[in-house]
Amino acid sequence: MSRKRLRKLFGTEVPVLAILMFALLPWGWMVLSSFRSDADLTQTPLHLLPDTLTLANHIELLARTSFAENLRDSLIVAAGAVVLGLGLSLPAAYAFSRFRFPGRNALLINFLAINMFLVVMLILPLFVLFRQLGLLDTYLSLIAGHATFTLPFAIWLMTSYVDGIPVDLDHAAAIDGATRWQVMRLVILPLTMPGLVAVGIYLFIASWNEYLFALMLAGQHVRTVTVALQSFIGENQIQWGLLMAGGTLVALPATILFLLTQGRLAGGLTGGAVKG
Amino acid sequence: MKRDTSFPLLLLAPALALTSALVLFPAAQTVWMSLHDFVLFRPKSRPFVGLANYIKALQDPVFWEGLLTSVIWVVVAVGLQFLLGLAAALLLNRSFAWRGLARALIVVPWALPSVIIGLIWTWMLDFNLGLINELGVRLGLLVHPVAWLSEPGTAFAAVILAVVWQGFPFFAVTLLAGLQAIPGELYEAASLDGAGAMSKFRHVTLPGIAAVITTALLLRMIWVANSLDLILVMTGGGPGTATQTLPLHAFLTAWSGGNYGQGSALAVILTFLLLGIVIAYLVRSRRA
């Protein structure tokens with residue numbers, strides 16, 4: 001092997017491999033544990049590699065616990081967060097990107113500053129509010145709760161996407177006689193489609209992964225997967241195989257969707273933030 | 001750019017209305033609750049008490065312990081996330097055959113819910129059945145298994161390890177995007193001027209990603225300072241109050257204790273603390 005090749009191997013590839021091991025090993029251990037029987041997981045001394053692989057944990061989780069319903073609840077809430085977030089952030093982003101009006105900067109900063117409010121600061125009054133309205137433990141309360149942190153971020157990301165579409169296209173359409181609404185629908189909407197997909201995926205994952213709002217604003221009738229998994233721990237005997245199966249299933253959609261969009265999302269994140 | 005007021009405000013109206021109802025109004029209500037003796041399950045009597053909740057919070061030693069815990073939590077966790085993320089970004093910015101795969105896979109921890117991350121690490125750190133004790137003893141790094149989450153010192157280290165694992169991919173991905181935006185000519189020019197690797201890093205790389213570093217550190221700092229779900233899942237703030245950061249203290253005061261007045265006062269204090277730090281940070285980084 002040439003010296004240059006050796007330098008690349010030990011100077012770059014081996015360190016990258018070490019960092020990747022750190023990133024993936026805990027996740028891999030969870031996935032592996034989910035396919036092992038409880039007897040196999042709890043024997044001492046511990047066996048690092050499984051004796052046999054089994055689907056028993058996954059089957060028991062879906063057939064004998066409420067987990068399938070929890071998955072459905074999480075799905076409904078996350079879908080609601082996506083629809084609400086995209087529906088409100090696209091017009092807002094168009095307004096921020098294409099118009100200069102009094103208070104524009106203040107409003108834009110306002111949407112960034114909202115992210116800074118402590119969850120605790122919002123969650124207590126929202127709990128009291130939804131309790132008074134009788135909305136506690138409904139899909140609506142949870143979707144609204146998630147909007148407190150998904151909407152501001154969606155507006156920032158979408159604004160940077162719309163900024164990337166040349167204004168000349170708007171003008172050209174206007175000269176051709178398009179109304180403002182037609183410009184939005186026929187020019188901006190199709191061109192922001194990749195942005196909408198990326199932001200939509202971000203909104204979905206943020207809502208799907210959320211725990212604290214799901215715990216406080218719902219939890220009985222509407223119980224998302226994060227709350228359900230955590231409640232399994234509280235039971236007298238922790239069934240690790242079952243828990244790891246749940247973790248593997250919950251992590252799956254987010255992991256896949258995230259891998260698909262990571263480049264775009266990171267670009268939008270810093271792009272929008274740096275431009276100010 | 002069009003100069004018009006009514007049309008953009010019409011477009012913004014739904015988003016503004018919703019955030020006012022769900023963020024600004026509740027935030028104001030938190031301030032209101034913090035000035036009252038507001039206990040959730042005593043709806044009849046909620047007298048105005050002025051700043052009593054604040055005074056009580058500041059006189060409580062748990063508050064000051066929590067503040068110290070929070071400071072260590074933010075500084076150590078964000079610092080380690082940043083260093084590991086920067087190292088990963090610099091490595092991934094070099095060319096090697098499987099770079100694309102490595103870049104995609106490194107984000108996996110970032111995509112996982114905090115609850116799952118808490119579960120994974122609780123499982124790996126388990127006294128009897130955990131991978132870490134097993135490997136540690138086998139490799140001779142540990143004399144005997146350690147009850148990581150039951151001792152104050154190791155429990156704090158464990159939650160920091162988990163949050164570093166969760167957060168370093170964010171730095172890796174954002175800093176890598178910053179690195180790739182630095183024009184290659186700058187490095188060529190530096191080479192022509194006889195700059196070595198260290199000097200290139202100091203005079204080309206670091207200034208080139210300074211803006212991204214500032215933004216990424218700020219976003220992460222706010223996020224880590226606010227986050228409490230990972231700690232809640234792994235230790236619940238314990239053992240004792242060893243891992244009870246201020247947000248967790250505020251949450252537990254309201255949630256377990258039902259004392260919304262006191263919890264709200266803590267939340268307001270925290271918000272102002274964080275706001276002060278963020279403003280100071282922005283002013284300093286703008287000057288630099």
# chains A, B, ... in the order shown; residues from 1 in each chain; ligands from 1
$ residues_around --residues "Met33 in chain B" --least-positions-apart "6" --cutoff "8 Å" --atoms "only C-alpha atoms" --output "list in words"
Tyr260, Gly261, Ser264 and Ala265 of chain B
$ write_last_selection --atoms "C-alpha atoms" --output "short mmCIF file (atom, residue, chain, number, x, y, z; two decimals), in the first residue's frame"
data_model
loop_
_atom_site.label_atom_id
_atom_site.label_comp_id
_atom_site.auth_asym_id
_atom_site.auth_seq_id
_atom_site.Cartn_x
_atom_site.Cartn_y
_atom_site.Cartn_z
CA TYR B 260 -48.68 25.99 39.00
CA GLY B 261 -47.95 29.37 40.56
CA SER B 264 -44.76 29.37 36.46
CA ALA B 265 -42.49 31.66 38.47
#
$ residues_around --residues "Val227 in chain A" --least-positions-apart "3" --cutoff "10 Å" --atoms "only C-alpha atoms" --output "mmCIF file with C-alpha atoms, in the first residue's frame"
data_model
loop_
_atom_site.group_PDB
_atom_site.id
_atom_site.type_symbol
_atom_site.label_atom_id
_atom_site.label_comp_id
_atom_site.auth_asym_id
_atom_site.auth_seq_id
_atom_site.Cartn_x
_atom_site.Cartn_y
_atom_site.Cartn_z
ATOM 1 C CA ASN A 70 -50.688 4.197 19.874
ATOM 2 C CA SER A 74 -49.114 9.206 16.653
ATOM 3 C CA ASN A 209 -40.868 12.216 18.327
ATOM 4 C CA GLU A 210 -42.392 14.633 20.824
ATOM 5 C CA TYR A 211 -42.962 13.490 24.402
ATOM 6 C CA LEU A 212 -43.750 16.264 26.883
ATOM 7 C CA PHE A 213 -46.818 17.774 25.184
ATOM 8 C CA ALA A 214 -48.075 14.283 24.393
ATOM 9 C CA LEU A 215 -47.751 13.414 28.065
ATOM 10 C CA MET A 216 -49.440 16.519 29.458
ATOM 11 C CA ALA A 218 -53.137 13.925 26.156
ATOM 12 C CA GLY A 219 -52.177 10.483 27.403
ATOM 13 C CA GLN A 220 -55.325 8.480 28.103
ATOM 14 C CA VAL A 222 -55.048 9.750 22.759
ATOM 15 C CA ARG A 223 -51.756 8.114 23.651
ATOM 16 C CA THR A 224 -48.822 8.523 21.295
ATOM 17 C CA GLN A 230 -42.357 5.369 28.590
ATOM 18 C CA SER A 231 -45.369 4.002 30.466
ATOM 19 C CA PHE A 232 -44.154 0.428 29.820
ATOM 20 C CA VAL B 115 -37.729 8.871 24.755
#
$ residues_around --residues "range 110-118 of chain A" --least-positions-apart "5" --cutoff "10 Å" --atoms "only C-alpha atoms" --output "JSON, numbers by chain"
{"A": [104, 105, 123, 148, 149, 150, 151, 152, 153, 154, 155, 156, 273, 276], "B": [15, 16, 19, 23, 24, 27, 219, 222, 223, 225, 226, 227, 247, 267, 268, 270, 271, 272, 274, 275, 278]}
$ write_last_selection --atoms "N, CA and C atoms" --output "short mmCIF file (atom, residue, chain, number, x, y, z; two decimals), in the first residue's frame"
data_model
loop_
_atom_site.label_atom_id
_atom_site.label_comp_id
_atom_site.auth_asym_id
_atom_site.auth_seq_id
_atom_site.Cartn_x
_atom_site.Cartn_y
_atom_site.Cartn_z
N ARG A 104 -42.16 43.99 9.21
CA ARG A 104 -41.76 42.70 8.66
C ARG A 104 -40.64 42.05 9.49
N ASN A 105 -39.57 42.82 9.73
CA ASN A 105 -38.45 42.27 10.47
C ASN A 105 -38.84 41.88 11.89
N ILE A 123 -46.49 24.95 28.37
CA ILE A 123 -47.25 23.73 28.58
C ILE A 123 -48.21 23.86 29.78
N THR A 148 -46.96 24.86 18.47
CA THR A 148 -46.21 25.93 19.14
C THR A 148 -44.74 25.91 18.75
N PHE A 149 -44.18 24.74 18.49
CA PHE A 149 -42.77 24.73 18.10
C PHE A 149 -42.57 24.36 16.64
N THR A 150 -43.53 23.68 15.99
CA THR A 150 -43.32 23.32 14.58
C THR A 150 -43.60 24.50 13.65
N LEU A 151 -44.61 25.30 13.98
CA LEU A 151 -45.00 26.38 13.06
C LEU A 151 -43.91 27.44 12.89
N PRO A 152 -43.33 27.97 13.99
CA PRO A 152 -42.29 29.00 13.79
C PRO A 152 -41.13 28.48 12.94
N PHE A 153 -40.72 27.25 13.22
CA PHE A 153 -39.59 26.70 12.49
C PHE A 153 -39.94 26.48 11.02
N ALA A 154 -41.17 26.01 10.77
CA ALA A 154 -41.61 25.80 9.39
C ALA A 154 -41.61 27.12 8.62
N ILE A 155 -42.02 28.20 9.28
CA ILE A 155 -42.05 29.50 8.61
C ILE A 155 -40.64 29.93 8.22
N TRP A 156 -39.69 29.75 9.12
CA TRP A 156 -38.31 30.12 8.81
C TRP A 156 -37.75 29.30 7.66
N ALA A 273 -31.08 30.73 8.62
CA ALA A 273 -30.66 31.35 9.87
C ALA A 273 -29.56 32.38 9.62
N GLY A 276 -30.62 35.77 8.08
CA GLY A 276 -31.29 36.70 9.02
C GLY A 276 -32.32 37.46 8.31
N ALA B 15 -51.28 32.40 10.47
CA ALA B 15 -50.13 31.99 11.28
C ALA B 15 -50.01 32.87 12.52
N LEU B 16 -50.24 34.18 12.34
CA LEU B 16 -50.15 35.10 13.47
C LEU B 16 -51.23 34.82 14.51
N THR B 19 -50.29 31.56 16.42
CA THR B 19 -49.20 31.69 17.38
C THR B 19 -49.58 32.62 18.53
N VAL B 23 -49.07 30.68 21.76
CA VAL B 23 -47.77 30.99 22.35
C VAL B 23 -47.81 32.28 23.16
N LEU B 24 -48.23 33.38 22.53
CA LEU B 24 -48.14 34.66 23.23
C LEU B 24 -49.14 34.74 24.38
N ALA B 27 -48.02 32.46 27.18
CA ALA B 27 -46.84 33.01 27.86
C ALA B 27 -47.27 34.11 28.83
N LEU B 219 -28.54 27.87 18.41
CA LEU B 219 -29.73 27.02 18.31
C LEU B 219 -29.63 25.85 19.27
N ILE B 222 -29.94 26.86 23.07
CA ILE B 222 -31.33 27.07 23.47
C ILE B 222 -32.04 25.73 23.62
N TRP B 223 -31.78 24.84 22.64
CA TRP B 223 -32.47 23.55 22.66
C TRP B 223 -32.07 22.72 23.88
N ALA B 225 -30.70 23.77 26.69
CA ALA B 225 -31.12 24.42 27.93
C ALA B 225 -32.59 24.14 28.22
N ASN B 226 -33.41 24.05 27.17
CA ASN B 226 -34.85 23.84 27.35
C ASN B 226 -35.24 22.38 27.51
N SER B 227 -34.43 21.49 26.96
CA SER B 227 -34.87 20.10 26.86
C SER B 227 -34.83 19.43 28.23
N PRO B 247 -35.32 23.57 34.11
CA PRO B 247 -36.61 23.31 33.46
C PRO B 247 -37.31 22.09 34.06
N ALA B 267 -40.52 29.10 35.56
CA ALA B 267 -40.44 29.18 34.10
C ALA B 267 -40.13 30.59 33.64
N VAL B 268 -40.72 31.59 34.30
CA VAL B 268 -40.47 32.98 33.91
C VAL B 268 -39.02 33.35 34.21
N LEU B 270 -36.47 31.41 34.34
CA LEU B 270 -35.65 30.71 33.36
C LEU B 270 -35.65 31.39 32.01
N THR B 271 -36.85 31.81 31.58
CA THR B 271 -36.95 32.46 30.28
C THR B 271 -36.10 33.71 30.24
N PHE B 272 -36.14 34.50 31.32
CA PHE B 272 -35.34 35.72 31.34
C PHE B 272 -33.85 35.41 31.39
N LEU B 274 -32.37 32.80 30.12
CA LEU B 274 -31.98 32.33 28.79
C LEU B 274 -31.93 33.50 27.80
N LEU B 275 -32.93 34.38 27.92
CA LEU B 275 -32.98 35.54 27.04
C LEU B 275 -31.74 36.40 27.23
N VAL B 278 -28.76 34.69 25.63
CA VAL B 278 -28.82 34.74 24.17
C VAL B 278 -28.46 36.13 23.65
#
$ residues_around --residues "range 120-128 of chain B" --least-positions-apart "3" --cutoff "7 Å" --atoms "only C-alpha atoms" --output "VMD selection string"
(chain A and resid 26 30) or (chain B and resid 116 to 117 131 to 133 145 to 148 162 234)
$ write_last_selection --atoms "N, CA and C atoms" --output "tab-separated table (two decimals), in the first residue's frame"
chain	number	residue	atom	x	y	z
A	26	PRO	N	-25.33	2.07	19.55
A	26	PRO	CA	-26.48	2.01	20.46
A	26	PRO	C	-27.78	1.69	19.72
A	30	MET	N	-30.14	-1.76	20.10
A	30	MET	CA	-31.58	-1.76	20.32
A	30	MET	C	-32.27	-2.69	19.31
B	116	ILE	N	-36.86	7.35	23.07
B	116	ILE	CA	-36.17	6.15	22.60
B	116	ILE	C	-34.68	6.22	22.99
B	117	ILE	N	-34.10	7.41	22.85
B	117	ILE	CA	-32.69	7.57	23.22
B	117	ILE	C	-32.51	7.28	24.71
B	131	LEU	N	-24.97	-3.54	28.21
B	131	LEU	CA	-23.80	-3.80	27.36
B	131	LEU	C	-22.54	-3.13	27.91
B	132	ILE	N	-22.70	-1.94	28.49
B	132	ILE	CA	-21.52	-1.18	28.91
B	132	ILE	C	-20.79	-1.85	30.07
B	133	ASN	N	-21.55	-2.30	31.07
B	133	ASN	CA	-20.90	-3.02	32.17
B	133	ASN	C	-20.24	-4.30	31.66
B	145	PRO	N	-19.21	-4.39	37.89
B	145	PRO	CA	-20.27	-3.62	37.24
B	145	PRO	C	-20.64	-2.38	38.05
B	146	VAL	N	-21.02	-1.31	37.37
B	146	VAL	CA	-21.35	-0.05	38.03
B	146	VAL	C	-22.84	0.22	37.85
B	147	ALA	N	-23.49	0.69	38.93
B	147	ALA	CA	-24.91	1.10	38.83
B	147	ALA	C	-24.93	2.55	38.38
B	148	TRP	N	-24.74	2.74	37.07
B	148	TRP	CA	-24.50	4.07	36.50
B	148	TRP	C	-25.57	5.09	36.87
B	162	ALA	N	-25.71	10.62	26.81
B	162	ALA	CA	-26.86	10.38	25.94
B	162	ALA	C	-27.19	11.62	25.11
B	234	MET	N	-34.61	9.16	31.67
B	234	MET	CA	-33.50	8.36	32.18
B	234	MET	C	-33.41	8.34	33.70
$ interface_residues --of "chain A" --to "chain B" --cutoff "7 Å" --atoms "only C-alpha atoms" --output "ChimeraX atom specification"
/A:12,16,20,23,26,30,42,46,88-89,91-92,95,98-101,116-122,125-126,148,209-212,226,230,247,251,254-255,258-259,266-267,270,273-274
$ residues_around --residues "Glu69 in chain A" --least-positions-apart "2" --cutoff "12 Å" --atoms "only C-alpha atoms" --output "VMD selection string"
chain A and resid 61 to 67 71 to 76 220 to 225 228
$ select_by_dssp --residues "range 103-179 of chain A" --states "alpha helix (DSSP H)" --output "compact mmCIF listing (two decimals) with C-alpha atoms, in the first residue's frame"
# COMPACT_ATOMS: atom_id res chain seq x y z
CA ARG A 104 -41.76 42.70 8.66
CA ASN A 105 -38.45 42.27 10.47
CA ALA A 106 -40.07 42.46 13.87
CA LEU A 107 -42.52 39.71 12.91
CA LEU A 108 -39.78 37.54 11.42
CA ILE A 109 -37.71 37.83 14.60
CA ASN A 110 -40.85 37.22 16.63
CA PHE A 111 -41.27 33.83 14.95
CA LEU A 112 -37.64 32.98 15.76
CA ALA A 113 -37.92 34.18 19.34
CA VAL A 119 -41.73 24.33 26.81
CA VAL A 120 -42.57 24.52 30.51
CA MET A 121 -43.68 28.12 30.12
CA LEU A 122 -46.23 27.15 27.45
CA ILE A 123 -47.25 23.73 28.58
CA LEU A 124 -48.67 24.80 31.95
CA PRO A 125 -51.09 27.47 30.66
CA LEU A 126 -52.01 25.31 27.62
CA PHE A 127 -52.93 22.51 29.99
CA VAL A 128 -55.11 24.88 32.02
CA LEU A 129 -56.63 26.36 28.84
CA PHE A 130 -57.47 23.03 27.18
CA ARG A 131 -58.81 21.74 30.48
CA GLN A 132 -61.25 24.65 30.65
CA LEU A 133 -62.25 24.14 27.00
CA TYR A 139 -56.12 14.98 18.78
CA LEU A 140 -56.87 18.70 18.47
CA SER A 141 -55.13 19.65 21.72
CA LEU A 142 -52.01 17.73 20.81
CA ILE A 143 -51.83 19.05 17.23
CA ALA A 144 -52.22 22.58 18.60
CA GLY A 145 -49.55 21.93 21.23
CA HIS A 146 -47.10 20.69 18.62
CA ALA A 147 -47.82 23.74 16.45
CA THR A 148 -46.21 25.93 19.14
CA PHE A 149 -42.77 24.73 18.10
CA THR A 150 -43.32 23.32 14.58
CA LEU A 151 -45.00 26.38 13.06
CA PRO A 152 -42.29 29.00 13.79
CA PHE A 153 -39.59 26.70 12.49
CA ALA A 154 -41.61 25.80 9.39
CA ILE A 155 -42.05 29.50 8.61
CA TRP A 156 -38.31 30.12 8.81
CA LEU A 157 -37.44 27.14 6.65
CA MET A 158 -40.13 27.89 4.07
CA THR A 159 -39.07 31.54 3.85
CA SER A 160 -35.55 30.50 2.89
CA TYR A 161 -36.96 28.12 0.26
CA VAL A 162 -39.21 30.79 -1.28
CA ASP A 163 -36.27 33.23 -1.20
CA VAL A 167 -38.64 37.05 -8.24
CA ASP A 168 -38.45 37.47 -12.02
CA LEU A 169 -40.73 34.47 -12.35
CA ASP A 170 -43.40 36.30 -10.31
CA HIS A 171 -43.01 39.37 -12.48
CA ALA A 172 -43.19 37.39 -15.71
CA ALA A 173 -46.41 35.73 -14.58
CA ALA A 174 -47.85 39.08 -13.48
CA ILE A 175 -47.07 40.59 -16.90
$ residues_around --residues "Asp51 in chain A" --least-positions-apart "5" --cutoff "12 Å" --atoms "only C-alpha atoms" --output "PyMOL selection string"
chain A and resi 32-33+35-41+43+46
$ atom_distance --atom1 "CA of Gln59 in chain B" --atom2 "CA of Pro47 in chain B"
21.0 Å
$ closest_residue --among "B:Gln180, B:Ser70, B:Ser285, B:Ser45" --to "Leu218 in chain B" --atoms "only C-alpha atoms"
B:Ser285
$ atom_distance --atom1 "CA of His58 in chain A" --atom2 "CA of Ala245 in chain A"
5.5 Å
$ atom_distance --atom1 "CA of Pro194 in chain A" --atom2 "CA of Ser97 in chain A"
17.1 Å
$ decode --residues "range 25-39 of chain B" --atoms "N, CA and C atoms" --output "mmCIF file, in the first residue's frame"
data_model
loop_
_atom_site.group_PDB
_atom_site.id
_atom_site.type_symbol
_atom_site.label_atom_id
_atom_site.label_comp_id
_atom_site.auth_asym_id
_atom_site.auth_seq_id
_atom_site.Cartn_x
_atom_site.Cartn_y
_atom_site.Cartn_z
ATOM 1 N N PHE B 25 -50.382 34.331 24.115
ATOM 2 C CA PHE B 25 -51.389 34.356 25.186
ATOM 3 C C PHE B 25 -51.007 33.434 26.354
ATOM 4 N N PRO B 26 -50.624 32.174 26.077
ATOM 5 C CA PRO B 26 -50.194 31.321 27.188
ATOM 6 C C PRO B 26 -48.972 31.862 27.931
ATOM 7 N N ALA B 27 -48.020 32.458 27.183
ATOM 8 C CA ALA B 27 -46.844 33.005 27.863
ATOM 9 C C ALA B 27 -47.270 34.106 28.831
ATOM 10 N N ALA B 28 -48.205 34.947 28.385
ATOM 11 C CA ALA B 28 -48.710 35.996 29.271
ATOM 12 C C ALA B 28 -49.427 35.385 30.471
ATOM 13 N N GLN B 29 -50.142 34.284 30.204
ATOM 14 C CA GLN B 29 -50.862 33.640 31.298
ATOM 15 C C GLN B 29 -49.906 33.034 32.327
ATOM 16 N N THR B 30 -48.750 32.575 31.842
ATOM 17 C CA THR B 30 -47.754 32.043 32.774
ATOM 18 C C THR B 30 -47.309 33.139 33.733
ATOM 19 N N VAL B 31 -47.083 34.339 33.182
ATOM 20 C CA VAL B 31 -46.695 35.464 34.036
ATOM 21 C C VAL B 31 -47.804 35.734 35.055
ATOM 22 N N TRP B 32 -49.047 35.714 34.565
ATOM 23 C CA TRP B 32 -50.185 35.943 35.468
ATOM 24 C C TRP B 32 -50.228 34.875 36.566
ATOM 25 N N MET B 33 -50.091 33.621 36.194
ATOM 26 C CA MET B 33 -50.147 32.532 37.178
ATOM 27 C C MET B 33 -49.016 32.661 38.202
ATOM 28 N N SER B 34 -47.851 33.145 37.722
ATOM 29 C CA SER B 34 -46.702 33.224 38.618
ATOM 30 C C SER B 34 -46.923 34.248 39.730
ATOM 31 N N LEU B 35 -47.893 35.157 39.516
ATOM 32 C CA LEU B 35 -48.165 36.181 40.525
ATOM 33 C C LEU B 35 -49.317 35.768 41.450
ATOM 34 N N HIS B 36 -49.821 34.563 41.265
ATOM 35 C CA HIS B 36 -50.937 34.091 42.081
ATOM 36 C C HIS B 36 -50.576 32.780 42.771
ATOM 37 N N ASP B 37 -51.280 32.544 43.884
ATOM 38 C CA ASP B 37 -51.107 31.252 44.551
ATOM 39 C C ASP B 37 -51.990 30.247 43.818
ATOM 40 N N PHE B 38 -51.471 29.736 42.694
ATOM 41 C CA PHE B 38 -52.273 28.949 41.755
ATOM 42 C C PHE B 38 -51.963 27.462 41.941
ATOM 43 N N VAL B 39 -52.846 26.777 42.647
ATOM 44 C CA VAL B 39 -52.693 25.327 42.779
ATOM 45 C C VAL B 39 -53.820 24.692 41.982
#
